[in-house]
>>> print(open('start_30.pdb').read())   # PDB, C-alpha atoms and all ligand atoms
ATOM      1  CA  MET Y   6    -155.779 150.258  32.568  1.00  0.00           C
ATOM      2  CA  LYS Y   7    -157.692 151.803  35.434  1.00  0.00           C
ATOM      3  CA  ASN Y   8    -155.788 149.621  37.897  1.00  0.00           C
ATOM      4  CA  ILE Y   9    -152.471 150.788  36.524  1.00  0.00           C
ATOM      5  CA  SER Y  10    -153.329 154.450  36.894  1.00  0.00           C
ATOM      6  CA  MET Y  11    -154.538 153.804  40.449  1.00  0.00           C
ATOM      7  CA  LEU Y  12    -151.233 152.082  41.159  1.00  0.00           C
ATOM      8  CA  ILE Y  13    -149.277 155.016  39.761  1.00  0.00           C
ATOM      9  CA  LEU Y  14    -151.363 157.411  41.831  1.00  0.00           C
ATOM     10  CA  ALA Y  15    -150.791 155.331  44.968  1.00  0.00           C
ATOM     11  CA  LEU Y  16    -147.058 155.191  44.294  1.00  0.00           C
ATOM     12  CA  SER Y  17    -146.774 158.926  43.756  1.00  0.00           C
ATOM     13  CA  VAL Y  18    -148.695 159.599  46.969  1.00  0.00           C
ATOM     14  CA  LEU Y  19    -146.279 157.294  48.788  1.00  0.00           C
ATOM     15  CA  ILE Y  20    -143.271 159.051  47.296  1.00  0.00           C
ATOM     16  CA  PHE Y  21    -144.744 162.417  48.197  1.00  0.00           C
ATOM     17  CA  LEU Y  22    -145.405 161.370  51.798  1.00  0.00           C
ATOM     18  CA  ASN Y  23    -141.856 160.105  52.183  1.00  0.00           C
ATOM     19  CA  SER Y  24    -140.051 163.042  50.663  1.00  0.00           C
ATOM     20  CA  CYS Y  25    -138.088 165.374  52.876  1.00  0.00           C
ATOM     21  CA  SER Y  26    -138.116 169.104  52.341  1.00  0.00           C
ATOM     22  CA  ASP Y  27    -134.670 168.986  50.783  1.00  0.00           C
ATOM     23  CA  ASP Y  28    -134.322 165.322  49.778  1.00  0.00           C
ATOM     24  CA  ILE Y  29    -130.747 165.148  51.023  1.00  0.00           C
ATOM     25  CA  HIS Y  30    -131.226 161.919  52.924  1.00  0.00           C
ATOM     26  CA  SER Y  31    -133.751 159.171  53.363  1.00  0.00           C
ATOM     27  CA  PRO Y  32    -136.613 159.538  55.866  1.00  0.00           C
ATOM     28  CA  ALA Y  33    -134.975 156.958  58.123  1.00  0.00           C
ATOM     29  CA  ASP Y  34    -132.181 159.458  58.800  1.00  0.00           C
ATOM     30  CA  HIS Y  35    -134.522 162.058  60.278  1.00  0.00           C
ATOM     31  CA  PHE Y  36    -135.694 162.456  63.829  1.00  0.00           C
ATOM     32  CA  ALA Y  37    -139.452 162.069  63.555  1.00  0.00           C
ATOM     33  CA  PRO Y  38    -141.125 162.218  66.956  1.00  0.00           C
ATOM     34  CA  GLU Y  39    -144.861 162.917  67.115  1.00  0.00           C
ATOM     35  CA  GLY Y  40    -144.894 165.125  70.166  1.00  0.00           C
ATOM     36  CA  TRP Y  41    -143.100 167.384  72.600  1.00  0.00           C
ATOM     37  CA  VAL Y  42    -142.761 167.221  76.379  1.00  0.00           C
ATOM     38  CA  PHE Y  43    -141.611 170.202  78.472  1.00  0.00           C
ATOM     39  CA  ILE Y  44    -140.391 169.322  81.964  1.00  0.00           C
ATOM     40  CA  ASP Y  45    -139.960 171.872  84.754  1.00  0.00           C
ATOM     41  CA  GLY Y  46    -137.539 171.904  87.694  1.00  0.00           C
ATOM     42  CA  THR Y  47    -139.771 169.620  89.767  1.00  0.00           C
ATOM     43  CA  GLY Y  48    -139.880 166.995  87.020  1.00  0.00           C
ATOM     44  CA  ALA Y  49    -143.488 167.844  86.133  1.00  0.00           C
ATOM     45  CA  ARG Y  50    -144.393 167.311  82.455  1.00  0.00           C
ATOM     46  CA  PHE Y  51    -146.231 170.628  82.444  1.00  0.00           C
ATOM     47  CA  ILE Y  52    -146.650 170.972  78.669  1.00  0.00           C
ATOM     48  CA  GLN Y  53    -147.327 167.901  76.548  1.00  0.00           C
ATOM     49  CA  ILE Y  54    -148.139 168.117  72.855  1.00  0.00           C
ATOM     50  CA  PHE Y  55    -148.996 164.990  70.869  1.00  0.00           C
ATOM     51  CA  GLN Y  56    -149.714 164.977  67.140  1.00  0.00           C
ATOM     52  CA  GLY Y  57    -150.123 168.740  67.101  1.00  0.00           C
ATOM     53  CA  LYS Y  58    -152.508 169.012  70.091  1.00  0.00           C
ATOM     54  CA  PHE Y  59    -152.081 169.638  73.797  1.00  0.00           C
ATOM     55  CA  LYS Y  60    -152.724 166.452  75.740  1.00  0.00           C
ATOM     56  CA  SER Y  61    -155.502 166.594  78.317  1.00  0.00           C
ATOM     57  CA  GLY Y  62    -154.222 168.064  81.568  1.00  0.00           C
ATOM     58  CA  SER Y  63    -151.370 169.849  79.804  1.00  0.00           C
ATOM     59  CA  ASN Y  64    -150.739 173.536  80.346  1.00  0.00           C
ATOM     60  CA  GLU Y  65    -151.185 175.454  77.115  1.00  0.00           C
ATOM     61  CA  GLU Y  66    -148.755 178.274  77.828  1.00  0.00           C
ATOM     62  CA  PHE Y  67    -145.438 179.133  79.420  1.00  0.00           C
ATOM     63  CA  ILE Y  68    -145.635 181.565  82.340  1.00  0.00           C
ATOM     64  CA  VAL Y  69    -142.461 183.651  82.551  1.00  0.00           C
ATOM     65  CA  PRO Y  70    -141.589 186.030  85.393  1.00  0.00           C
ATOM     66  CA  LEU Y  71    -140.862 189.623  84.445  1.00  0.00           C
ATOM     67  CA  GLY Y  72    -137.180 190.453  84.936  1.00  0.00           C
ATOM     68  CA  ASP Y  73    -136.374 186.907  85.949  1.00  0.00           C
ATOM     69  CA  ASP Y  74    -135.835 183.384  84.608  1.00  0.00           C
ATOM     70  CA  THR Y  75    -138.152 180.393  84.617  1.00  0.00           C
ATOM     71  CA  ASP Y  76    -136.996 177.102  86.069  1.00  0.00           C
ATOM     72  CA  HIS Y  77    -134.743 175.035  83.969  1.00  0.00           C
ATOM     73  CA  ILE Y  78    -137.050 173.538  81.303  1.00  0.00           C
ATOM     74  CA  LYS Y  79    -136.080 170.219  79.729  1.00  0.00           C
ATOM     75  CA  ILE Y  80    -137.346 168.962  76.385  1.00  0.00           C
ATOM     76  CA  LYS Y  81    -138.261 165.369  75.618  1.00  0.00           C
ATOM     77  CA  PHE Y  82    -140.431 163.924  72.858  1.00  0.00           C
ATOM     78  CA  PHE Y  83    -143.195 161.424  72.187  1.00  0.00           C
ATOM     79  CA  ASP Y  84    -142.823 158.630  69.674  1.00  0.00           C
ATOM     80  CA  LYS Y  85    -145.742 157.608  67.472  1.00  0.00           C
ATOM     81  CA  ASN Y  86    -147.185 155.461  70.269  1.00  0.00           C
ATOM     82  CA  GLY Y  87    -147.148 158.347  72.726  1.00  0.00           C
ATOM     83  CA  ALA Y  88    -144.194 156.931  74.694  1.00  0.00           C
ATOM     84  CA  GLU Y  89    -141.720 159.500  75.991  1.00  0.00           C
ATOM     85  CA  ILE Y  90    -138.337 159.467  74.253  1.00  0.00           C
ATOM     86  CA  ASP Y  91    -135.087 161.331  74.835  1.00  0.00           C
ATOM     87  CA  PRO Y  92    -133.803 163.995  72.447  1.00  0.00           C
ATOM     88  CA  PRO Y  93    -131.395 162.855  69.741  1.00  0.00           C
ATOM     89  CA  THR Y  94    -127.838 162.496  71.008  1.00  0.00           C
ATOM     90  CA  SER Y  95    -126.123 163.121  67.663  1.00  0.00           C
ATOM     91  CA  GLU Y  96    -124.707 166.613  67.197  1.00  0.00           C
ATOM     92  CA  GLU Y  97    -126.367 166.693  63.759  1.00  0.00           C
ATOM     93  CA  TYR Y  98    -129.547 167.661  65.596  1.00  0.00           C
ATOM     94  CA  THR Y  99    -129.917 171.031  67.266  1.00  0.00           C
ATOM     95  CA  LEU Y 100    -132.679 172.928  68.992  1.00  0.00           C
ATOM     96  CA  SER Y 101    -133.914 176.027  67.251  1.00  0.00           C
ATOM     97  CA  TRP Y 102    -136.771 178.370  68.106  1.00  0.00           C
ATOM     98  CA  GLU Y 103    -138.782 181.333  66.856  1.00  0.00           C
ATOM     99  CA  ILE Y 104    -140.190 183.999  69.152  1.00  0.00           C
ATOM    100  CA  LYS Y 105    -142.936 186.142  67.600  1.00  0.00           C
ATOM    101  CA  ASP Y 106    -142.288 189.175  69.762  1.00  0.00           C
ATOM    102  CA  ALA Y 107    -138.599 189.078  70.622  1.00  0.00           C
ATOM    103  CA  ASP Y 108    -138.726 192.091  72.925  1.00  0.00           C
ATOM    104  CA  LYS Y 109    -140.946 190.175  75.405  1.00  0.00           C
ATOM    105  CA  ILE Y 110    -138.847 187.107  76.184  1.00  0.00           C
ATOM    106  CA  GLU Y 111    -135.417 185.682  75.681  1.00  0.00           C
ATOM    107  CA  LEU Y 112    -134.401 182.026  75.595  1.00  0.00           C
ATOM    108  CA  GLU Y 113    -131.197 181.136  77.387  1.00  0.00           C
ATOM    109  CA  ARG Y 114    -129.213 177.928  77.496  1.00  0.00           C
ATOM    110  CA  HIS Y 115    -126.177 176.786  79.392  1.00  0.00           C
ATOM    111  CA  ASP Y 116    -123.179 175.578  77.403  1.00  0.00           C
ATOM    112  CA  GLY Y 117    -123.477 171.966  76.322  1.00  0.00           C
ATOM    113  CA  GLU Y 118    -127.169 171.687  77.198  1.00  0.00           C
ATOM    114  CA  GLU Y 119    -128.799 171.501  73.802  1.00  0.00           C
ATOM    115  CA  TRP Y 120    -132.274 170.381  74.972  1.00  0.00           C
ATOM    116  CA  GLU Y 121    -132.676 172.471  78.137  1.00  0.00           C
ATOM    117  CA  PHE Y 122    -133.437 176.146  78.464  1.00  0.00           C
ATOM    118  CA  HIS Y 123    -134.742 178.997  80.579  1.00  0.00           C
ATOM    119  CA  LEU Y 124    -137.091 181.736  79.438  1.00  0.00           C
ATOM    120  CA  GLU Y 125    -136.472 185.245  80.719  1.00  0.00           C
ATOM    121  CA  GLY Y 126    -139.277 187.794  80.838  1.00  0.00           C
ATOM    122  CA  LEU Y 127    -138.211 191.143  79.388  1.00  0.00           C
ATOM    123  CA  LYS Y 128    -141.548 192.938  79.093  1.00  0.00           C
ATOM    124  CA  LEU Y 129    -145.081 192.328  80.399  1.00  0.00           C
ATOM    125  CA  GLY Y 130    -147.523 190.806  77.951  1.00  0.00           C
ATOM    126  CA  GLU Y 131    -147.977 187.841  75.667  1.00  0.00           C
ATOM    127  CA  THR Y 132    -146.116 186.352  72.777  1.00  0.00           C
ATOM    128  CA  GLU Y 133    -145.640 182.917  71.212  1.00  0.00           C
ATOM    129  CA  ILE Y 134    -142.707 180.585  70.799  1.00  0.00           C
ATOM    130  CA  GLN Y 135    -142.197 177.668  68.447  1.00  0.00           C
ATOM    131  CA  PHE Y 136    -139.439 175.070  68.740  1.00  0.00           C
ATOM    132  CA  HIS Y 137    -137.794 173.100  65.966  1.00  0.00           C
ATOM    133  CA  VAL Y 138    -135.435 170.185  65.827  1.00  0.00           C
ATOM    134  CA  TYR Y 139    -132.920 171.296  63.235  1.00  0.00           C
ATOM    135  CA  HIS Y 140    -131.071 168.666  61.296  1.00  0.00           C
ATOM    136  CA  GLU Y 141    -128.223 169.746  59.029  1.00  0.00           C
ATOM    137  CA  GLY Y 142    -129.948 172.888  57.855  1.00  0.00           C
ATOM    138  CA  HIS Y 143    -133.592 171.808  57.743  1.00  0.00           C
ATOM    139  CA  SER Y 144    -136.336 171.497  60.316  1.00  0.00           C
ATOM    140  CA  ASP Y 145    -137.177 167.834  61.025  1.00  0.00           C
ATOM    141  CA  VAL Y 146    -140.059 168.621  63.336  1.00  0.00           C
ATOM    142  CA  ARG Y 147    -141.675 171.673  64.917  1.00  0.00           C
ATOM    143  CA  SER Y 148    -143.788 172.125  68.015  1.00  0.00           C
ATOM    144  CA  GLY Y 149    -146.403 174.556  66.728  1.00  0.00           C
ATOM    145  CA  PHE Y 150    -146.612 177.984  68.342  1.00  0.00           C
ATOM    146  CA  ILE Y 151    -147.085 177.945  72.117  1.00  0.00           C
ATOM    147  CA  LYS Y 152    -148.374 180.978  74.023  1.00  0.00           C
ATOM    148  CA  VAL Y 153    -146.000 182.682  76.478  1.00  0.00           C
ATOM    149  CA  LYS Y 154    -147.229 185.056  79.192  1.00  0.00           C
ATOM    150  CA  VAL Y 155    -144.832 187.398  80.935  1.00  0.00           C
ATOM    151  CA  GLU Y 156    -146.242 188.144  84.381  1.00  0.00           C
ATOM    152  CA  ASP Y 157    -145.167 190.323  87.271  1.00  0.00           C
ATOM    153  CA  VAL Y 158    -145.050 187.647  89.966  1.00  0.00           C
ATOM    154  CA  ASP Y 159    -144.153 189.913  92.896  1.00  0.00           C
TER     155      ASP Y 159
HETATM  156 ZN    ZN H   1    -133.637 165.584  58.700  1.00  0.00          ZN
END
>>> encode(input="start_30.pdb", output="structure tokens")
Amino acid sequence: MKNISMLILALSVLIFLNSCSDDIHSPADHFAPEGWVFIDGTGARFIQIFQGKFKSGSNEEFIVPLGDDTDHIKIKFFDKNGAEIDPPTSEEYTLSWEIKDADKIELERHDGEEWEFHLEGLKLGETEIQFHVYHEGHSDVRSGFIKVKVEDVD
């Protein structure tokens, strides 16, 4: 009897772990990377987040020039082994973001470049940004909030 209830408990934990926020599709249909890589105009992986933490050597903030744009910043991801992977190619997946203090920075993208962006500094100070991979109306994965500093670089 005890074994059966343990089995039921184990099964329900498994089902819980596998369930999506909206249960529309099976977990295999989701994009489930375990980290984020932000690449600047020189190709440097200047921010790297793996399993919710900055990797050693990673910057922990975006520096954005006041009244100007950052370099073109490209997004890639880490798989569960920490290997870098490209963003999803299907149009079902889109980039979405939240900015805590929207009067400080603005995110800009060029047409057709889903996984690349610039940040523009509107006002001196600090805020935070979080990125999501959106998948047919729900967030498959989020980056965690990352600090953004708007600095007067002149
Ligand atoms: Zn999904």
>>> resolve_selection(input="start_30.pdb", expression="the PyMOL selection byres (((chain Y and resi 131) around 8) and not hetatm)", output="list in words")
Lys109, Leu129, Gly130, Thr132, Glu133, Lys152, Val153, Lys154 and Val155 of chain Y
>>> write_last_selection(input="start_30.pdb", atoms="C-alpha atoms", output="mmCIF file, in the frame of the given file")
data_model
loop_
_atom_site.group_PDB
_atom_site.id
_atom_site.type_symbol
_atom_site.label_atom_id
_atom_site.label_comp_id
_atom_site.auth_asym_id
_atom_site.auth_seq_id
_atom_site.Cartn_x
_atom_site.Cartn_y
_atom_site.Cartn_z
ATOM 1 C CA LYS Y 109 -140.946 190.175 75.405
ATOM 2 C CA LEU Y 129 -145.081 192.328 80.399
ATOM 3 C CA GLY Y 130 -147.523 190.806 77.951
ATOM 4 C CA THR Y 132 -146.116 186.352 72.777
ATOM 5 C CA GLU Y 133 -145.640 182.917 71.212
ATOM 6 C CA LYS Y 152 -148.374 180.978 74.023
ATOM 7 C CA VAL Y 153 -146.000 182.682 76.478
ATOM 8 C CA LYS Y 154 -147.229 185.056 79.192
ATOM 9 C CA VAL Y 155 -144.832 187.398 80.935
#
>>> resolve_selection(input="start_30.pdb", expression="the PyMOL selection byres (((chain Y and resi 122) around 7) and not hetatm)", output="list in words")
His77, Ile78, Lys79, Leu112, Glu113, Arg114, Trp120, Glu121, His123 and Leu124 of chain Y
>>> write_last_selection(input="start_30.pdb", atoms="C-alpha atoms", output="PDB file, in the coordinates of the input")
ATOM      1  CA  HIS Y  77    -134.743 175.035  83.969  1.00  0.00           C
ATOM      2  CA  ILE Y  78    -137.050 173.538  81.303  1.00  0.00           C
ATOM      3  CA  LYS Y  79    -136.080 170.219  79.729  1.00  0.00           C
ATOM      4  CA  LEU Y 112    -134.401 182.026  75.595  1.00  0.00           C
ATOM      5  CA  GLU Y 113    -131.197 181.136  77.387  1.00  0.00           C
ATOM      6  CA  ARG Y 114    -129.213 177.928  77.496  1.00  0.00           C
ATOM      7  CA  TRP Y 120    -132.274 170.381  74.972  1.00  0.00           C
ATOM      8  CA  GLU Y 121    -132.676 172.471  78.137  1.00  0.00           C
ATOM      9  CA  HIS Y 123    -134.742 178.997  80.579  1.00  0.00           C
ATOM     10  CA  LEU Y 124    -137.091 181.736  79.438  1.00  0.00           C
TER      11      LEU Y 124
END
>>> residues_near_ligand(input="start_30.pdb", ligand="ligand ZN 1 (chain H)", cutoff="6 Å", atoms="only C-alpha atoms and all ligand atoms", output="ChimeraX atom specification")
/Y:35,140,145
>>> write_last_selection(input="start_30.pdb", atoms="C-alpha atoms", output="short mmCIF file (atom, residue, chain, number, x, y, z; two decimals), in the frame of the given file")
data_model
loop_
_atom_site.label_atom_id
_atom_site.label_comp_id
_atom_site.auth_asym_id
_atom_site.auth_seq_id
_atom_site.Cartn_x
_atom_site.Cartn_y
_atom_site.Cartn_z
CA HIS Y 35 -134.52 162.06 60.28
CA HIS Y 140 -131.07 168.67 61.30
CA ASP Y 145 -137.18 167.83 61.02
#
>>> closest_residue(input="start_30.pdb", among="Y:Asp76, Y:Glu97, Y:Asp106, Y:Glu119", to="Gly46 (chain Y)", atoms="all atoms listed in the file")
Y:Asp76
>>> residues_around(input="start_30.pdb", residues="Glu65 (chain Y)", least_positions_apart="5", cutoff="7 Å", atoms="all atoms listed in the file", output="MDAnalysis selection string")
chainID Y and resid 52 59 151:152
>>> write_last_selection(input="start_30.pdb", atoms="C-alpha atoms", output="tab-separated table (two decimals), in the coordinates of the input")
chain	number	residue	atom	x	y	z
Y	52	ILE	CA	-146.65	170.97	78.67
Y	59	PHE	CA	-152.08	169.64	73.80
Y	151	ILE	CA	-147.08	177.94	72.12
Y	152	LYS	CA	-148.37	180.98	74.02
>>> closest_residue(input="start_30.pdb", among="Y:Lys81, Y:His137, Y:Lys58, Y:Lys128", to="Asp45 (chain Y)", atoms="all atoms listed in the file")
Y:Lys81
>>> residues_near_point(input="start_30.pdb", point="(-146.5, 184.7, 88.0)", cutoff="8 Å", atoms="only C-alpha atoms", output="PDB file with C-alpha atoms, keeping the file's coordinate frame")
ATOM      1  CA  ILE Y  68    -145.635 181.565  82.340  1.00  0.00           C
ATOM      2  CA  VAL Y  69    -142.461 183.651  82.551  1.00  0.00           C
ATOM      3  CA  PRO Y  70    -141.589 186.030  85.393  1.00  0.00           C
ATOM      4  CA  VAL Y 155    -144.832 187.398  80.935  1.00  0.00           C
ATOM      5  CA  GLU Y 156    -146.242 188.144  84.381  1.00  0.00           C
ATOM      6  CA  ASP Y 157    -145.167 190.323  87.271  1.00  0.00           C
ATOM      7  CA  VAL Y 158    -145.050 187.647  89.966  1.00  0.00           C
ATOM      8  CA  ASP Y 159    -144.153 189.913  92.896  1.00  0.00           C
TER       9      ASP Y 159
END
>>> residues_near_point(input="start_30.pdb", point="(-146.5, 156.2, 69.2)", cutoff="10 Å", atoms="all atoms listed in the file", output="MDAnalysis selection string")
chainID Y and resid 38:40 55:56 83:89
>>> atom_distance(input="start_30.pdb", atom1="CA of His143 (chain Y)", atom2="CA of Asp116 (chain Y)")
22.6 Å
>>> atom_distance(input="start_30.pdb", atom1="CA of Asp73 (chain Y)", atom2="CA of Lys105 (chain Y)")
19.5 Å
>>> closest_residue(input="start_30.pdb", among="Y:Glu125, Y:Thr99, Y:Ile54, Y:Phe43", to="Tyr139 (chain Y)", atoms="all atoms listed in the file")
Y:Thr99
>>> closest_residue(input="start_30.pdb", among="Y:Thr47, Y:Ser63, Y:Ser144, Y:Thr75", to="Tyr98 (chain Y)", atoms="only C-alpha atoms")
Y:Ser144
>>> closest_residue(input="start_30.pdb", among="Y:Ile80, Y:Ile104, Y:Val138, Y:Leu71", to="Ile44 (chain Y)", atoms="only C-alpha atoms")
Y:Ile80
>>> build_atoms(input="start_30.pdb", residues="region 98-130 of chain Y", atoms="N, CA and C atoms", output="compact mmCIF listing (two decimals), in the coordinates of the input")
# COMPACT_ATOMS: atom_id res chain seq x y z
N TYR Y 98 -128.24 167.11 65.24
CA TYR Y 98 -129.55 167.66 65.60
C TYR Y 98 -129.38 168.79 66.61
N THR Y 99 -130.01 169.90 66.34
CA THR Y 99 -129.92 171.03 67.27
C THR Y 99 -131.31 171.60 67.52
N LEU Y 100 -131.42 172.27 68.66
CA LEU Y 100 -132.68 172.93 68.99
C LEU Y 100 -132.67 174.32 68.37
N SER Y 101 -133.78 174.68 67.78
CA SER Y 101 -133.91 176.03 67.25
C SER Y 101 -135.29 176.54 67.65
N TRP Y 102 -135.48 177.84 67.64
CA TRP Y 102 -136.77 178.37 68.11
C TRP Y 102 -137.05 179.70 67.43
N GLU Y 103 -138.33 180.04 67.38
CA GLU Y 103 -138.78 181.33 66.86
C GLU Y 103 -139.63 181.98 67.93
N ILE Y 104 -139.37 183.24 68.21
CA ILE Y 104 -140.19 184.00 69.15
C ILE Y 104 -140.88 185.11 68.36
N LYS Y 105 -142.22 185.17 68.44
CA LYS Y 105 -142.94 186.14 67.60
C LYS Y 105 -142.59 187.56 67.99
N ASP Y 106 -142.49 187.82 69.29
CA ASP Y 106 -142.29 189.18 69.76
C ASP Y 106 -141.03 189.16 70.63
N ALA Y 107 -139.89 189.34 69.97
CA ALA Y 107 -138.60 189.08 70.62
C ALA Y 107 -138.25 190.09 71.71
N ASP Y 108 -139.03 191.18 71.82
CA ASP Y 108 -138.73 192.09 72.92
C ASP Y 108 -139.42 191.68 74.23
N LYS Y 109 -140.24 190.63 74.19
CA LYS Y 109 -140.95 190.18 75.40
C LYS Y 109 -140.17 189.13 76.20
N ILE Y 110 -139.57 188.18 75.48
CA ILE Y 110 -138.85 187.11 76.18
C ILE Y 110 -137.54 186.79 75.48
N GLU Y 111 -136.67 186.14 76.24
CA GLU Y 111 -135.42 185.68 75.68
C GLU Y 111 -135.22 184.24 76.12
N LEU Y 112 -134.70 183.41 75.23
CA LEU Y 112 -134.40 182.03 75.60
C LEU Y 112 -132.92 181.92 75.87
N GLU Y 113 -132.60 181.28 77.00
CA GLU Y 113 -131.20 181.14 77.39
C GLU Y 113 -130.88 179.67 77.61
N ARG Y 114 -129.66 179.30 77.22
CA ARG Y 114 -129.21 177.93 77.50
C ARG Y 114 -127.82 177.96 78.10
N HIS Y 115 -127.53 176.94 78.88
CA HIS Y 115 -126.18 176.79 79.39
C HIS Y 115 -125.35 176.04 78.35
N ASP Y 116 -124.05 176.27 78.35
CA ASP Y 116 -123.18 175.58 77.40
C ASP Y 116 -123.34 174.07 77.50
N GLY Y 117 -123.44 173.43 76.35
CA GLY Y 117 -123.48 171.97 76.32
C GLY Y 117 -124.84 171.37 76.62
N GLU Y 118 -125.83 172.21 76.93
CA GLU Y 118 -127.17 171.69 77.20
C GLU Y 118 -128.09 172.05 76.05
N GLU Y 119 -128.07 171.20 75.03
CA GLU Y 119 -128.80 171.50 73.80
C GLU Y 119 -130.31 171.51 74.03
N TRP Y 120 -130.83 170.61 74.87
CA TRP Y 120 -132.27 170.38 74.97
C TRP Y 120 -132.85 170.87 76.30
N GLU Y 121 -132.20 171.88 76.89
CA GLU Y 121 -132.68 172.47 78.14
C GLU Y 121 -132.54 173.98 78.02
N PHE Y 122 -133.48 174.70 78.61
CA PHE Y 122 -133.44 176.15 78.46
C PHE Y 122 -134.15 176.83 79.61
N HIS Y 123 -133.95 178.12 79.71
CA HIS Y 123 -134.74 179.00 80.58
C HIS Y 123 -135.40 180.03 79.68
N LEU Y 124 -136.54 180.56 80.10
CA LEU Y 124 -137.09 181.74 79.44
C LEU Y 124 -136.98 182.90 80.41
N GLU Y 125 -136.56 184.05 79.89
CA GLU Y 125 -136.47 185.24 80.72
C GLU Y 125 -137.51 186.25 80.24
N GLY Y 126 -138.26 186.81 81.18
CA GLY Y 126 -139.28 187.79 80.84
C GLY Y 126 -138.67 189.19 80.76
N LEU Y 127 -138.80 189.82 79.59
CA LEU Y 127 -138.21 191.14 79.39
C LEU Y 127 -139.25 192.25 79.50
N LYS Y 128 -140.50 191.92 79.17
CA LYS Y 128 -141.55 192.94 79.09
C LYS Y 128 -142.89 192.27 79.36
N LEU Y 129 -143.76 192.91 80.11
CA LEU Y 129 -145.08 192.33 80.40
C LEU Y 129 -145.88 192.11 79.12
N GLY Y 130 -146.65 191.03 79.10
CA GLY Y 130 -147.52 190.81 77.95
C GLY Y 130 -147.44 189.38 77.46
